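Okay, coords-v8.csv now, which holds CSV, C-alpha atoms:
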chain,number,residue,atom,x,y,z
D,1,MET,CA,45.1,193.6,119.6
D,2,THR,CA,48.1,191.4,120.5
D,3,THR,CA,50.3,190.7,117.6
D,4,THR,CA,50.9,187.0,116.8
D,5,ALA,CA,53.0,185.0,114.4
D,6,CYS,CA,50.0,184.6,112.2
D,7,GLU,CA,50.3,188.2,111.2
D,8,LEU,CA,54.0,187.9,110.4
D,9,CYS,CA,54.1,185.0,108.0
D,10,HIS,CA,52.1,183.3,105.3
D,11,GLU,CA,52.0,179.8,106.9
D,12,ASP,CA,49.1,178.2,108.7
D,13,CYS,CA,49.4,179.3,112.3
D,14,TYR,CA,48.8,177.0,115.3
D,15,ALA,CA,49.7,177.3,119.0
D,16,VAL,CA,49.3,175.8,122.5
D,17,MET,CA,47.7,177.9,125.2
D,18,GLY,CA,48.1,177.4,128.9
D,19,ASN,CA,49.4,178.7,132.2
D,20,PRO,CA,52.1,177.6,132.9
D,21,ILE,CA,53.4,176.9,129.4
D,22,ALA,CA,57.2,177.3,129.5
D,23,HIS,CA,57.7,173.5,129.9
D,24,SER,CA,55.6,172.6,126.8
D,25,GLN,CA,57.3,170.7,124.0
D,26,SER,CA,54.3,171.1,121.7
D,27,PRO,CA,56.0,173.7,119.5
D,28,ARG,CA,59.1,171.4,118.9
D,29,ILE,CA,56.9,168.3,118.4
D,30,HIS,CA,54.6,170.0,115.8
D,31,HIS,CA,57.5,171.7,113.9
D,32,LEU,CA,59.3,168.3,113.7
D,33,PHE,CA,56.1,166.7,112.5
D,34,ALA,CA,55.7,169.4,109.9
D,35,ARG,CA,59.3,168.8,108.6
D,36,GLN,CA,58.7,165.1,108.5
D,37,THR,CA,55.5,165.4,106.4
D,38,GLY,CA,56.4,168.4,104.3
D,39,GLN,CA,53.8,170.7,105.9
D,40,SER,CA,54.3,174.5,106.1
D,41,LEU,CA,53.1,175.9,109.4
D,42,SER,CA,54.1,177.9,112.5
D,43,TYR,CA,53.4,176.8,116.0
D,44,ASP,CA,53.9,178.9,119.2
D,45,ALA,CA,53.6,178.5,122.9
D,46,LEU,CA,51.2,181.2,124.3
D,47,LEU,CA,51.0,182.1,128.0
D,48,VAL,CA,47.4,183.1,128.8
D,49,GLU,CA,46.5,184.9,132.0
D,50,PRO,CA,43.7,183.5,134.2
D,51,ASP,CA,40.2,184.7,133.2
D,52,SER,CA,41.3,185.7,129.8
D,53,PHE,CA,41.1,182.5,127.8
D,54,ASP,CA,38.0,183.4,125.8
D,55,GLN,CA,39.6,186.7,124.7
D,56,ALA,CA,42.9,185.1,123.9
D,57,VAL,CA,41.2,182.5,121.7
D,58,ALA,CA,39.2,185.2,119.9
D,59,ALA,CA,42.3,187.3,119.3
D,60,PHE,CA,44.3,184.4,118.0
D,61,LEU,CA,41.5,183.5,115.5
D,62,ILE,CA,41.1,187.1,114.4
D,63,ALA,CA,44.8,187.2,113.7
D,64,GLY,CA,44.5,184.2,111.4
D,65,GLY,CA,45.1,181.2,113.7
D,66,LYS,CA,43.9,177.9,112.3
D,67,GLY,CA,43.9,175.7,115.4
D,68,LEU,CA,45.0,175.4,119.1
D,69,ASN,CA,46.1,172.9,121.6
D,70,VAL,CA,44.9,173.7,125.1
D,71,THR,CA,46.6,172.6,128.4
D,72,VAL,CA,46.1,173.3,132.1
D,73,PRO,CA,44.1,175.1,133.4
D,74,PHE,CA,41.8,175.8,130.3
D,75,LYS,CA,40.6,172.4,129.0
D,76,GLN,CA,37.1,172.8,130.6
D,77,GLU,CA,36.9,176.4,129.3
D,78,ALA,CA,37.8,175.2,125.8
D,79,HIS,CA,35.0,172.6,126.0
D,80,GLN,CA,32.5,175.4,126.9
D,81,ILE,CA,33.4,177.6,123.9
D,82,ALA,CA,33.5,174.9,121.3
D,83,ASP,CA,30.6,175.0,118.8
D,84,GLU,CA,31.0,171.3,117.9
D,85,LEU,CA,32.6,168.5,119.9
D,86,SER,CA,34.0,165.1,119.0
D,87,ALA,CA,32.5,162.1,120.9
D,88,ARG,CA,35.6,161.9,123.0
D,89,ALA,CA,35.4,165.6,124.0
D,90,GLN,CA,31.7,165.3,124.8
D,91,ARG,CA,32.4,162.3,127.1
D,92,ALA,CA,35.4,164.0,128.8
D,93,ALA,CA,33.7,167.4,129.1
D,94,ALA,CA,37.2,168.8,128.3
D,95,VAL,CA,39.0,169.8,125.1
D,96,ASN,CA,42.7,169.9,124.4
D,97,THR,CA,42.4,170.6,120.6
D,98,LEU,CA,40.5,173.4,119.0
D,99,LEU,CA,40.1,173.5,115.2
D,100,ILE,CA,38.5,176.1,112.9
D,101,ARG,CA,36.1,174.6,110.5
D,102,ASP,CA,35.7,176.0,107.0
D,103,GLU,CA,32.4,177.6,108.1
D,104,GLY,CA,34.1,179.3,111.0
D,105,ALA,CA,32.8,177.0,113.8
D,106,LEU,CA,35.1,176.0,116.6
D,107,PHE,CA,35.5,172.2,116.7
D,108,GLY,CA,36.8,170.6,119.9
D,109,ASP,CA,38.5,167.3,120.4
D,110,ASN,CA,40.3,165.6,123.2
D,111,THR,CA,43.4,163.5,122.3
D,112,ASP,CA,44.7,163.0,125.9
D,113,GLY,CA,43.0,159.7,126.8
D,114,VAL,CA,43.7,157.9,123.5
D,115,GLY,CA,47.3,159.0,123.7
D,116,LEU,CA,47.9,157.5,127.1
D,117,VAL,CA,46.0,154.2,126.3
D,118,ARG,CA,47.9,153.7,123.1
D,119,ASP,CA,51.2,154.2,124.9
D,120,LEU,CA,50.2,151.8,127.7
D,121,THR,CA,49.2,149.0,125.4
D,122,ARG,CA,51.8,149.5,122.7
D,123,ASN,CA,55.0,150.0,124.9
D,124,LEU,CA,54.2,148.3,128.2
D,125,LYS,CA,52.3,145.4,126.5
D,126,LEU,CA,49.8,145.6,129.4
D,127,THR,CA,46.6,143.6,129.5
D,128,LEU,CA,44.1,146.1,130.9
D,129,SER,CA,40.8,144.2,130.6
D,130,GLY,CA,39.7,142.8,134.0
D,131,LYS,CA,42.2,144.9,135.9
D,132,GLN,CA,41.7,147.3,138.8
D,133,ILE,CA,43.3,150.7,138.1
D,134,LEU,CA,43.8,153.7,140.5
D,135,LEU,CA,43.5,157.0,138.6
D,136,LEU,CA,44.9,159.9,140.5
D,137,GLY,CA,43.2,163.2,139.3
D,138,ALA,CA,39.7,163.9,138.1
D,139,GLY,CA,40.5,167.0,136.1
D,140,GLY,CA,40.4,167.4,132.3
D,141,ALA,CA,43.3,164.9,131.6
D,142,GLY,CA,42.1,162.4,134.2
D,143,THR,CA,38.5,162.4,132.8
D,144,ALA,CA,39.7,162.0,129.2
D,145,ILE,CA,41.9,159.1,130.3
D,146,SER,CA,39.0,157.4,132.2
D,147,HIS,CA,36.8,157.5,129.2
D,148,ALA,CA,39.5,156.1,126.9
D,149,LEU,CA,40.2,153.2,129.3
D,150,LEU,CA,36.5,152.3,129.8
D,151,THR,CA,35.7,152.6,126.1
D,152,ASN,CA,38.4,150.2,125.1
D,153,TYR,CA,38.8,147.8,128.1
D,154,ASP,CA,36.6,146.0,130.5
D,155,CYS,CA,38.5,147.3,133.5
D,156,HIS,CA,37.4,149.0,136.8
D,157,LEU,CA,38.6,152.5,137.8
D,158,GLU,CA,39.1,153.8,141.3
D,159,ILE,CA,39.3,157.6,141.1
D,160,PHE,CA,41.0,159.7,143.7
D,161,ASP,CA,41.0,163.5,143.7
D,162,THR,CA,41.7,165.9,146.5
D,163,ASP,CA,38.3,167.4,145.5
D,164,HIS,CA,36.2,164.4,146.6
D,165,ALA,CA,33.0,165.9,145.1
D,166,ARG,CA,34.6,166.1,141.7
D,167,ALA,CA,35.9,162.5,141.9
D,168,GLY,CA,32.3,161.5,142.8
D,169,GLU,CA,30.8,163.3,139.9
D,170,VAL,CA,33.2,161.8,137.4
D,171,SER,CA,32.7,158.3,138.9
D,172,GLU,CA,28.9,158.6,138.8
D,173,HIS,CA,29.0,159.8,135.2
D,174,LEU,CA,31.3,156.9,134.1
D,175,CYS,CA,28.9,154.4,135.6
D,176,GLU,CA,26.0,156.1,133.8
D,177,VAL,CA,27.8,155.8,130.5
D,178,TYR,CA,29.6,152.4,130.8
D,179,GLY,CA,27.5,150.6,133.3
D,180,PRO,CA,27.2,150.2,137.1
D,181,ASP,CA,30.3,149.5,139.1
D,182,ARG,CA,32.8,150.4,136.3
D,183,ALA,CA,34.1,153.3,138.5
D,184,THR,CA,34.2,154.1,142.2
D,185,ILE,CA,35.6,156.9,144.3
D,186,ALA,CA,38.9,156.1,146.0
D,187,MET,CA,38.6,157.5,149.5
D,188,SER,CA,42.0,156.1,150.6
D,189,ILE,CA,45.0,155.9,148.3
D,190,THR,CA,46.6,153.4,150.7
D,191,GLU,CA,43.7,151.0,150.4
D,192,SER,CA,43.3,151.5,146.7
D,193,VAL,CA,46.9,150.9,145.9
D,194,ALA,CA,46.8,147.6,147.9
D,195,ARG,CA,44.0,146.2,145.7
D,196,CYS,CA,44.8,147.7,142.3
D,197,ASP,CA,47.0,146.4,139.5
D,198,GLY,CA,48.1,149.8,138.2
D,199,VAL,CA,48.3,153.5,139.1
D,200,ILE,CA,48.0,156.4,136.7
D,201,ASN,CA,49.0,159.9,137.8
D,202,ALA,CA,46.9,162.5,136.0
D,203,THR,CA,47.6,165.3,138.6
D,204,PRO,CA,50.1,168.1,138.3
D,205,VAL,CA,52.0,166.7,141.3
D,206,GLY,CA,55.5,166.0,140.1
D,207,MET,CA,55.9,168.8,137.6
D,208,LYS,CA,58.8,171.1,138.1
D,209,LEU,CA,56.5,173.8,139.3
D,210,HIS,CA,54.6,171.3,141.5
D,211,PRO,CA,57.3,169.1,143.0
D,212,GLY,CA,56.4,166.1,145.1
D,213,CYS,CA,54.9,162.7,144.8
D,214,PRO,CA,51.1,162.0,144.6
D,215,LEU,CA,51.3,159.0,146.9
D,216,ASP,CA,53.4,157.5,149.7
D,217,THR,CA,56.2,155.7,147.9
D,218,ARG,CA,56.2,153.0,150.5
D,219,LEU,CA,53.0,151.7,148.9
D,220,LEU,CA,54.8,150.8,145.7
D,221,ARG,CA,55.5,147.1,145.0
D,222,PRO,CA,57.1,145.1,142.2
D,223,ASP,CA,53.8,143.7,140.8
D,224,LEU,CA,52.3,147.2,140.3
D,225,TRP,CA,52.5,149.1,137.0
D,226,VAL,CA,52.8,152.9,137.2
D,227,ALA,CA,52.1,155.5,134.5
D,228,ASP,CA,52.8,159.2,134.9
D,229,ILE,CA,51.4,161.7,132.4
D,230,ILE,CA,54.0,164.4,133.4
D,231,TYR,CA,56.9,164.8,131.0
D,232,PHE,CA,58.7,167.8,132.6
D,233,PRO,CA,60.6,166.3,134.2
D,234,LEU,CA,60.4,162.9,132.6
D,235,ASP,CA,61.9,161.3,135.8
D,236,THR,CA,59.3,162.5,138.3
D,237,GLU,CA,59.5,161.5,141.9
D,238,LEU,CA,56.8,159.0,141.3
D,239,VAL,CA,58.6,157.5,138.2
D,240,THR,CA,61.9,157.3,140.1
D,241,ALA,CA,60.4,155.7,143.2
D,242,ALA,CA,58.4,153.2,141.1
D,243,THR,CA,61.5,152.2,139.2
D,244,ASP,CA,63.4,151.7,142.4
D,245,ALA,CA,60.5,149.6,143.8
D,246,GLY,CA,60.7,147.3,140.7
D,247,CYS,CA,57.4,148.4,139.2
D,248,THR,CA,56.7,148.4,135.5
D,249,VAL,CA,56.9,152.1,134.7
D,250,MET,CA,55.7,154.4,131.9
D,251,LYS,CA,57.0,158.0,131.7
D,252,GLY,CA,54.9,160.8,130.4
D,253,GLY,CA,56.7,161.3,127.1
D,254,GLY,CA,54.7,158.7,125.2
D,255,MET,CA,51.4,160.3,126.0
D,256,ALA,CA,52.7,163.7,125.0
D,257,VAL,CA,53.8,162.3,121.6
D,258,PHE,CA,50.7,160.3,120.9
D,259,GLN,CA,48.2,163.0,121.8
D,260,ALA,CA,50.2,165.4,119.6
D,261,VAL,CA,50.0,162.9,116.7
D,262,ARG,CA,46.2,163.0,116.9
D,263,ALA,CA,46.1,166.8,117.2
D,264,PHE,CA,48.5,167.2,114.2
D,265,GLU,CA,46.3,164.8,112.2
D,266,ARG,CA,43.3,167.0,113.1
D,267,PHE,CA,45.2,170.2,112.0
D,268,THR,CA,46.7,168.9,108.7
D,269,GLY,CA,45.0,165.7,107.8
D,270,VAL,CA,48.4,164.0,107.8
D,271,VAL,CA,49.7,161.3,110.2
D,272,PRO,CA,53.3,161.8,111.2
D,273,ASP,CA,55.9,159.2,112.1
D,274,VAL,CA,55.4,158.3,115.8
D,275,ASP,CA,58.5,156.2,116.3
D,276,ARG,CA,60.8,158.9,115.0
D,277,MET,CA,59.4,161.4,117.4
D,278,LYS,CA,59.5,159.1,120.4
D,279,ALA,CA,63.2,158.4,119.6
D,280,HIS,CA,63.8,162.2,119.8
D,281,PHE,CA,61.6,163.1,122.7
D,282,ASP,CA,64.0,162.6,125.6
D,283,SER,CA,66.5,164.9,124.0
D,284,LEU,CA,63.8,167.5,123.3
D,285,VAL,CA,62.8,167.6,127.0
D,286,ASN,CA,66.5,168.2,128.0
D,287,ARG,CA,67.0,171.2,125.7
D,288,LYS,CA,66.4,174.8,126.6
D,289,HIS,CA,62.6,175.5,126.5
D,290,PRO,CA,61.1,177.2,123.5
D,291,GLU,CA,60.4,180.9,123.7
D,292,VAL,CA,57.0,181.7,125.2
D,293,THR,CA,54.7,184.5,124.1
D,294,ARG,CA,52.6,186.2,126.7
D,295,PHE,CA,49.2,186.4,125.1
D,296,LYS,CA,46.4,188.3,126.8
D,297,GLY,CA,44.0,188.5,123.9
D,298,ILE,CA,42.3,191.8,122.9
D,299,SER,CA,43.6,194.8,124.8
D,300,ALA,CA,41.5,197.6,126.0

Show me this structure written as structure tokens.
Amino acid sequence: MTTTACELCHEDCYAVMGNPIAHSQSPRIHHLFARQTGQSLSYDALLVEPDSFDQAVAAFLIAGGKGLNVTVPFKQEAHQIADELSARAQRAAAVNTLLIRDEGALFGDNTDGVGLVRDLTRNLKLTLSGKQILLLGAGGAGTAISHALLTNYDCHLEIFDTDHARAGEVSEHLCEVYGPDRATIAMSITESVARCDGVINATPVGMKLHPGCPLDTRLLRPDLWVADIIYFPLDTELVTAATDAGCTVMKGGGMAVFQAVRAFERFTGVVPDVDRMKAHFDSLVNRKHPEVTRFKGISA
């Protein structure tokens, strides 16, 4: 079995699993939260190979792990292996936080959507009710964001994904849950941007390993607000272009911090200081990345 930090210390052991994972700031965020609140824990970044997520989770738990954060591309798989789900995770059909209950059951939650919505409304002072919003990406993060938006605001979503069938499934499900005409498929980004009040990028496009911009930057205009969930880099091509176009812009750091706050609360029962973390976040992103452990689960 792969050795983990859980076997090397007496602290409660947590981690984030994904692929890629080198960009993740979760270890730094959770360790800072722990110092703020006087908690004793370890938190690692674990690279998991494709098709080995189940085995990796099992090995982590056997080694004494207490909880996990999950990032791309394993959020749907985390949803499938959870024994219990929060209402948010059930609606999103994706999990970014796994917690071991006292009875040994895996509890799954999704803090992505609530993190983005809280950052939008708190820092940009946006009025979302009655607005038309273009959501780029119908994967785990995009689906969680869509539910958080429609749960809290009487807005309308247009959902675009390169996989039109997936966008259609998400849109149909949202209408079943929240009422007819709350969500539609965006077949043309150009047409959707022209009639929408805001754009949210919930795709990987713009990450260091997936450079580019998810839309034609010539579509951007000053009365449009733009939110990007990517935080590595913070100044994505979309963020830079939207700033240059005079848009109201939200970078991905706020969502990263707010979703981590909810996950940390799940792990420890303690709520850390959000404002202190947000003040440090930009400097965290610019530092050398934390060490990543390659984690394949149980070996043959």

What is the atom CA of Ala94 of chain D-atom CA of Cys155 of chain D distance in Å, reported with one decimal?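 Answer for the atom CA of Ala94 of chain D to atom CA of Cys155 of chain D separation: 22.2 Å.
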
To one decimal place in Å, what is the distance between atom CA of His30 of chain D and atom CA of Asp235 of chain D?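 Rounded to one decimal, the two atoms are 23.0 Å apart.
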
So what do you get for atom CA of Tyr178 of chain D versus atom CA of Asp163 of chain D, distance-wise? 22.7 Å

Segment 118-129 of chain D environment, 6 Å, only C-alpha atoms, sequence neighbours closer than 5 positions dropped, as a list of chain:residue names: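 Everything that qualifies: D:Tyr153, D:Asp154, D:Cys155, D:Gly254.
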
Residues within 10 Å of (55.1, 177.5, 122.3), file coords, all atoms listed in the file, listed as a list in words: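 Residues lying no farther than 10 Å from the given point: Tyr14, Ala15, Val16, Met17, Gly18, Ile21, Ala22, His23, Ser24, Gln25, Ser26, Pro27, Arg28, His30, Ser42, Tyr43, Asp44, Ala45, Leu46, Leu47, His289, Pro290, Glu291, Val292 and Thr293 of chain D.
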
Which residues of segment 73-139 of chain D come within 12 Å of segment 264-276 of chain D, and what is each one's closest atom pair and distance in Å (one decimal), counting all atoms listed in the file, sorted by chain and residue number, as a tab-separated table?
residue	atom	partner	partner_atom	distance
D:Ser86	CA	D:Arg266	CA	11.2
D:Asn96	CA	D:Arg266	CA	11.7
D:Thr97	CA	D:Arg266	CA	8.4
D:Leu98	CA	D:Phe267	CA	9.0
D:Leu99	CA	D:Phe267	CA	6.9
D:Ile100	CA	D:Phe267	CA	9.0
D:Arg101	CA	D:Phe267	CA	10.2
D:Phe107	CA	D:Arg266	CA	10.0
D:Gly108	CA	D:Arg266	CA	10.1
D:Asp109	CA	D:Arg266	CA	8.7
D:Asn110	CA	D:Arg266	CA	10.6
D:Thr111	CA	D:Arg266	CA	9.8
D:Gly115	CA	D:Val274	CA	11.3
D:Arg118	CA	D:Val274	CA	11.4
D:Asp119	CA	D:Val274	CA	10.8
D:Arg122	CA	D:Asp275	CA	11.4
D:Asn123	CA	D:Asp275	CA	11.2

Select, from D:Val193, D:Ala138, D:Met250, D:Val48, the residue with the minimum atom-to-atom distance to Gly168 of chain D, counting all atoms listed in the file.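 Of D:Val193, D:Ala138, D:Met250, D:Val48, the one nearest Gly168 of chain D is D:Ala138, counting all atoms listed in the file.
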
Check the smallest atom-to-atom distance from each of D:Leu215, D:Gly206, D:Leu134, D:Asp197 to Thr184 of chain D using only C-alpha atoms, then report the winner.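 Of D:Leu215, D:Gly206, D:Leu134, D:Asp197, the one nearest Thr184 of chain D is D:Leu134, counting only C-alpha atoms.
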
Selected residue of minimal separation from Arg166 of chain D among D:Ile185, D:Val114, D:Ala241, D:Leu149, counting all atoms listed in the file: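 Checking each candidate against Arg166 of chain D, we get D:Ile185 as the closest.
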
Between D:Ala78, D:Ala63, D:Ala89, D:Ala202, which one has atoms that come closest to Leu136 of chain D, using all atoms listed in the file? D:Ala202

Calculated over all atoms listed in the file, which of the candidates D:Gly179, D:Gly113, D:Gly198, D:Gly65 has the smallest distance to Ala148 of chain D?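 When distances to Ala148 of chain D are compared using all atoms listed in the file, the smallest one comes from D:Gly113.
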
From the list D:Gln259, D:Leu32, D:Ser52, D:Gly142, which residue is nearest Leu284 of chain D when using only C-alpha atoms? D:Leu32

Residues near Val72 of chain D, anyone? I mean within 9 Å using all atoms listed in the file, not counting same-chain ones fewer than 2 positions away, as a list in words.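 Skipping anything fewer than 2 positions along the chain leaves Met17, Gly18, Asn19, Pro20, Ile21, Val70, Phe74, Lys75, Gly140 and Ala141 of chain D.
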
For segment 277-282 of chain D, find every residue with an atom within 8 Å (counting all atoms listed in the file), except residues of its own chain fewer than 5 positions away, and show them as a ChimeraX atom specification. /D:29,32-33,234,253-254,257

Pick out the residues sitting within 9 Å of Val199 of chain D, and hand them over as a PyMOL selection string; count only C-alpha atoms, and ignore anything fewer than 5 positions along from it in its own chain. chain D and resi 133-136+193+224-228

Who sits within 8 Å of segment 172-177 of chain D, all atoms listed in the file, same chain under 6 positions skipped, as a PyMOL selection string: chain D and resi 146-147+183-184

Using only C-alpha atoms, please write the residues we just selected to a file, as a PDB file, in the coordinates of the input.
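That gives us result37.pdb:
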ATOM      1  CA  SER D 146      39.000 157.400 132.200  1.00  0.00           C
ATOM      2  CA  HIS D 147      36.800 157.500 129.200  1.00  0.00           C
ATOM      3  CA  ALA D 183      34.100 153.300 138.500  1.00  0.00           C
ATOM      4  CA  THR D 184      34.200 154.100 142.200  1.00  0.00           C
TER       5      THR D 184
END
